[in-house]
There are 2 protein chains.
Amino acid sequence: MAESLNERSQNILEAIVEDYIASAEPVGSRAISRKHDFNLSPASVRNVMADLEDMGLLCSPHTSAGRIPTGKGFQYYIDSLLEVRNLNRDEKKNLRNSYRFKNMRMEDIMQEVGRVLSGLSQYTGLVMAPKFVSTVFRQIEFIRLSQGRLLAIYVSEAGLVQNKVIEVDSSLTSRDLEQISNYLNKELNGMSIQEIRAKLNEELHQERIEYDLLKKQALSLSCAALQDEVEDQVYVSGASLMLGQPEFSTPEKMKQLIQSLESKKLLIELLDRAQSAQGVQIFVGSESSDVDLQGCSLVTSNFSNKKGAIGTLGVIGPMRMNYSQVVPIVDFTAQLVSRVLDKGIK
Amino acid sequence: MAESLNERSQNILEAIVEDYIASAEPVGSRAISRKHDFNLSPASVRNVMADLEDMGLLCSPHTSAGRIPTGKGFQYYIDSLLEVRNLNRDEKKNLRNSYRFKNMRMEDIMQEVGRVLSGLSQYTGLVMAPKFVSTVFRQIEFIRLSQGRLLAIYVSEAGLVQNKVIEVDSSLTSRDLEQISNYLNKELNGMSIQEIRAKLNEELHQERIEYDLLKKQALSLSCAALQDEVEDQVYVSGASLMLGQPEFSTPEKMKQLIQSLESKKLLIELLDRAQSAQGVQIFVGSESSDVDLQGCSLVTSNFSNKKGAIGTLGVIGPMRMNYSQVVPIVDFTAQLVSRVLDKGIK
DNA sequence: ATTAGCACTCGCCTCTACTGAGTGCTAATA
DNA sequence: TATTAGCACTCAGTAGAGGCGAGTGCTAAT
């Protein structure tokens, strides 16, 4: 895949990508030859550029314009040329101070992270909360809402709260509910939702009704409360910042972009893909991919607490995004959030 | 304010507004004279139009274009000319069937309402959940997250759930917490948050420490859980639908619009204003107002359950919105949501 | 291998002319 | 007196022509 380039070609590619990141305009041979001291004439640069174009790393919007990097070009840049510096102490401190975690609810944390990510990067911040199914059971409580209607409140180890209204036939007393939750809290403690579901299914199929009434009721309630799919939470911040970027200057592009950012489904799909890997991930423009956030790149990293609930955060920006700035921000923020979540359970 | 117009002027104004709603283009005298059979020549129509322009109900984008209604013109149209028909049975049924309330959590309901409102109107749906302070206490529960850290779960009569992480010095046992919540649930039952706050403040200032420890702890916990301001929840759906409207066809307008819709603060301000009144409210383009969602109108209605928690829902669209279609939808949806919330508590 | 030179391409801007929709005013009409 | 026909005028929008400038590819010279 990554054909190796000689040093000169690499230098020129790097120069073009960086100029393009800075200017958003096609880069010409003259500019390269002048601004960077390669001691090469424009003509020589042109030759190299033609080669790079043949390899599919560059393209020109029309005959008489300069070159712009293709998705493949950006990919090469990211894989081989990009040097991500670490944040120094002051920068880390600043970043840490940007975050104001007031109320430690998961929702608030996610929202705040999105806000800061988009503010710092000047692109759009994306945060996906840990998936319900991946969380570890801590506690469940039931509150009677009305005859035959309960509110089930599930709290995960990481402090993620999910509540759900469930219908029940029998009219259980508060006392019953207390017993049931006590039972469940003991029984399910420390299990992941996935494990719990497996267990519940098993016990349900194991048709012997030897259980006492309490167990039976507990089983049915926990089923109702934990079995269903809960849709993933995605937080999008600063969508309008993207609209200032020249790549989205036309009405059509704007509309398409906003539509994409409005589609939680699409975003979840993207972030899911990111979640499989470790460390900072960079997804370059989706020309190739079926899912298109055309012309965009996505920089993500996972966060997690010790109990293993994994969420994903990141920044989505134009393919021409300032990676060397964004990557460390995303990276450090993910670490920060992980720590904050751990603090939540101590 | 509403200067009375003679019938002919009214007819012509109505025709212009409706043509403009349909076409989004300035309306000329010829078109009016031809399409509507007033038996008036374009010249006569022109005279009337000139009068309407003098009164500030119409304006022309430039000399040789037709007229478009001003905000004031729309306002007049809405106040005096608009006839809102009620939905017939089938339409109501259809509308009811559009809503899929699966899980009865407040969040889900709000989100679904936004989705459907925007889908049906083809404009942007706006929903503001009942305000925390306006809710009526039903139940509070505490869950230990870690040493010194509790999760307080508050459930209102309407089934609105708020959770909050609170810090406590003392290490309370589960037994203590149970007693505290029992005490509070008895003590605060049926009071509004506002009343509770007043009560708490009073008791706090009443410095006599005659209380027993339990009461004291309960007081401090409920303070922590209920005292702080909780930010209002606003749900925006279908922002991208607005981008298809001709009034937002330029990049600048689009950007401005999206920025406005992203600003929860602005939206809350708008919806708060709507919440004071009863029935369907129409706010026409904010030329006059300090807050600008320029060129937009807002159609809102409140929903509430019997316990008095009031939320607001509505549709925001171009000033040129199809009021006669949108108003009944908003109206009926508000009634529907009220009923659904009531069913939640039965 | 590199580079200077040159012809060529093409987007973009400006200028001009034209068109057509729509107006305001005036004078004629019922 | 209210209405209308007629007419001059205005102005956005479109299309075409021409010039500019940035940038290219190719070729021949270094």
# chains A, B, ... in the order shown; residues from 1 in each chain; ligands from 1

$ select_by_dssp --residues "range 75-314 of chain B" --states "helix (DSSP H, G or I)" --output "MDAnalysis selection string"
chainID B and resid 75:81 89:98 106:121 132:134 174:187 193:205 213:226 239:242 246:248 251:262 264:275

$ interface_residues --of "chain C" --to "chain B" --cutoff "12 Å" --atoms "only C-alpha atoms (C1' of nucleotides)" --output "VMD selection string"
chain C and resid 20 to 25

$ residues_around --residues "range 1-15 of chain C" --least-positions-apart "3" --cutoff "10 Å" --atoms "only C-alpha atoms (C1' of nucleotides)" --output "list of chain:residue names"
A:Leu40, A:Ser41, A:Pro42, A:Ala43, A:Ser44, A:His62, A:Thr63, A:Ser64, A:Ala65, D:DA17, D:DG18, D:DG19, D:DC20, D:DG21, D:DA22, D:DG23, D:DT24, D:DG25, D:DC26, D:DT27, D:DA28, D:DA29, D:DT30

$ write_last_selection --atoms "C-alpha atoms (C1' of nucleotides)" --output "mmCIF file, in the first residue's frame"
data_model
loop_
_atom_site.group_PDB
_atom_site.id
_atom_site.type_symbol
_atom_site.label_atom_id
_atom_site.label_comp_id
_atom_site.auth_asym_id
_atom_site.auth_seq_id
_atom_site.Cartn_x
_atom_site.Cartn_y
_atom_site.Cartn_z
ATOM 1 C CA LEU A 40 14.831 23.292 -6.373
ATOM 2 C CA SER A 41 13.362 25.276 -9.200
ATOM 3 C CA PRO A 42 9.662 25.283 -9.804
ATOM 4 C CA ALA A 43 10.200 23.100 -12.809
ATOM 5 C CA SER A 44 11.823 20.353 -10.760
ATOM 6 C CA HIS A 62 -8.258 21.869 -13.084
ATOM 7 C CA THR A 63 -5.366 22.242 -15.496
ATOM 8 C CA SER A 64 -4.171 25.597 -14.434
ATOM 9 C CA ALA A 65 -4.519 25.304 -10.712
ATOM 10 C "C1'" DA D 17 -16.422 39.106 -24.548
ATOM 11 C "C1'" DG D 18 -12.045 40.301 -23.023
ATOM 12 C "C1'" DG D 19 -8.184 40.683 -19.953
ATOM 13 C "C1'" DC D 20 -5.539 38.954 -15.983
ATOM 14 C "C1'" DG D 21 -2.886 35.835 -13.536
ATOM 15 C "C1'" DA D 22 -1.597 31.663 -11.629
ATOM 16 C "C1'" DG D 23 -0.043 27.461 -12.874
ATOM 17 C "C1'" DT D 24 0.970 23.688 -15.931
ATOM 18 C "C1'" DG D 25 3.508 20.523 -19.397
ATOM 19 C "C1'" DC D 26 6.907 20.170 -22.621
ATOM 20 C "C1'" DT D 27 11.275 21.088 -24.805
ATOM 21 C "C1'" DA D 28 15.704 22.432 -25.287
ATOM 22 C "C1'" DA D 29 19.735 24.146 -23.058
ATOM 23 C "C1'" DT D 30 22.896 23.754 -19.190
#

$ select_by_dssp --residues "range 29-231 of chain A" --states "strand (DSSP E or B)" --output "number ranges by chain"
A: 58-59, 67-69, 124-128, 136-146, 149-156, 161-167, 192

$ residues_around --residues "Pro130 in chain A" --least-positions-apart "4" --cutoff "9 Å" --atoms "only C-alpha atoms (C1' of nucleotides)" --output "list in words"
Ser134, Thr135, Leu160, Asp232, Gln233, Phe303, Ser304, Ala309, Ile310, Gly311 and Thr312 of chain A

$ write_last_selection --atoms "N, CA and C atoms" --output "short mmCIF file (atom, residue, chain, number, x, y, z; two decimals), in the first residue's frame"
data_model
loop_
_atom_site.label_atom_id
_atom_site.label_comp_id
_atom_site.auth_asym_id
_atom_site.auth_seq_id
_atom_site.Cartn_x
_atom_site.Cartn_y
_atom_site.Cartn_z
N SER A 134 -22.08 -2.47 27.40
CA SER A 134 -20.71 -2.72 27.84
C SER A 134 -20.49 -2.33 29.30
N THR A 135 -21.52 -1.80 29.94
CA THR A 135 -21.33 -1.34 31.30
C THR A 135 -21.42 -2.50 32.29
N LEU A 160 -22.79 5.61 35.09
CA LEU A 160 -23.76 5.86 34.03
C LEU A 160 -25.15 5.47 34.52
N ASP A 232 -27.60 4.39 21.65
CA ASP A 232 -26.37 5.04 22.06
C ASP A 232 -26.53 6.55 22.08
N GLN A 233 -25.84 7.14 22.99
CA GLN A 233 -25.89 8.59 23.14
C GLN A 233 -24.70 9.21 22.41
N PHE A 303 -12.09 6.48 25.60
CA PHE A 303 -11.84 6.66 27.02
C PHE A 303 -12.52 5.50 27.73
N SER A 304 -12.04 5.21 28.89
CA SER A 304 -12.64 4.10 29.63
C SER A 304 -12.24 4.24 31.08
N ALA A 309 -15.98 0.35 31.00
CA ALA A 309 -16.97 0.99 30.14
C ALA A 309 -16.23 1.89 29.16
N ILE A 310 -16.44 1.62 27.89
CA ILE A 310 -15.67 2.33 26.87
C ILE A 310 -16.53 3.30 26.10
N GLY A 311 -16.07 4.54 26.03
CA GLY A 311 -16.72 5.52 25.19
C GLY A 311 -15.72 6.06 24.20
N THR A 312 -16.19 6.84 23.27
CA THR A 312 -15.31 7.37 22.25
C THR A 312 -15.53 8.87 22.12
#

$ interface_residues --of "chain B" --to "chain A" --cutoff "9 Å" --atoms "only C-alpha atoms" --output "ChimeraX atom specification"
/B:103-105,138-139,141,143,145-147,149,151,153,155,157-159,161,163-166,237-241,243-244,248-251,254-256,258-259,262,344-346

$ residues_around --residues "Val133 in chain B" --least-positions-apart "3" --cutoff "8 Å" --atoms "only C-alpha atoms (C1' of nucleotides)" --output "list in words"
Ser192, Ile193 and Gln194 of chain B

$ atom_distance --atom1 "CA of Ser60 in chain B" --atom2 "CA of Ala22 in chain B"
17.4 Å

$ decode --residues "chain D" --atoms "C-alpha atoms (C1' of nucleotides)" --output "compact mmCIF listing (two decimals), in the first residue's frame"
# COMPACT_ATOMS: atom_id res chain seq x y z
C1' DT D 1 -65.09 59.43 -8.92
C1' DA D 2 -63.15 54.98 -9.28
C1' DT D 3 -60.96 52.22 -12.59
C1' DT D 4 -57.95 51.17 -16.20
C1' DA D 5 -54.95 51.38 -20.34
C1' DG D 6 -50.71 52.96 -21.69
C1' DC D 7 -46.08 54.20 -21.24
C1' DA D 8 -41.61 55.38 -19.51
C1' DC D 9 -38.60 53.78 -16.23
C1' DT D 10 -36.02 50.75 -13.01
C1' DC D 11 -33.36 47.06 -11.91
C1' DA D 12 -32.02 42.01 -11.03
C1' DG D 13 -30.40 38.42 -13.66
C1' DT D 14 -28.14 36.36 -17.55
C1' DA D 15 -24.97 35.85 -21.20
C1' DG D 16 -20.98 36.87 -23.78
C1' DA D 17 -16.42 39.11 -24.55
C1' DG D 18 -12.05 40.30 -23.02
C1' DG D 19 -8.18 40.68 -19.95
C1' DC D 20 -5.54 38.95 -15.98
C1' DG D 21 -2.89 35.84 -13.54
C1' DA D 22 -1.60 31.66 -11.63
C1' DG D 23 -0.04 27.46 -12.87
C1' DT D 24 0.97 23.69 -15.93
C1' DG D 25 3.51 20.52 -19.40
C1' DC D 26 6.91 20.17 -22.62
C1' DT D 27 11.27 21.09 -24.81
C1' DA D 28 15.70 22.43 -25.29
C1' DA D 29 19.74 24.15 -23.06
C1' DT D 30 22.90 23.75 -19.19
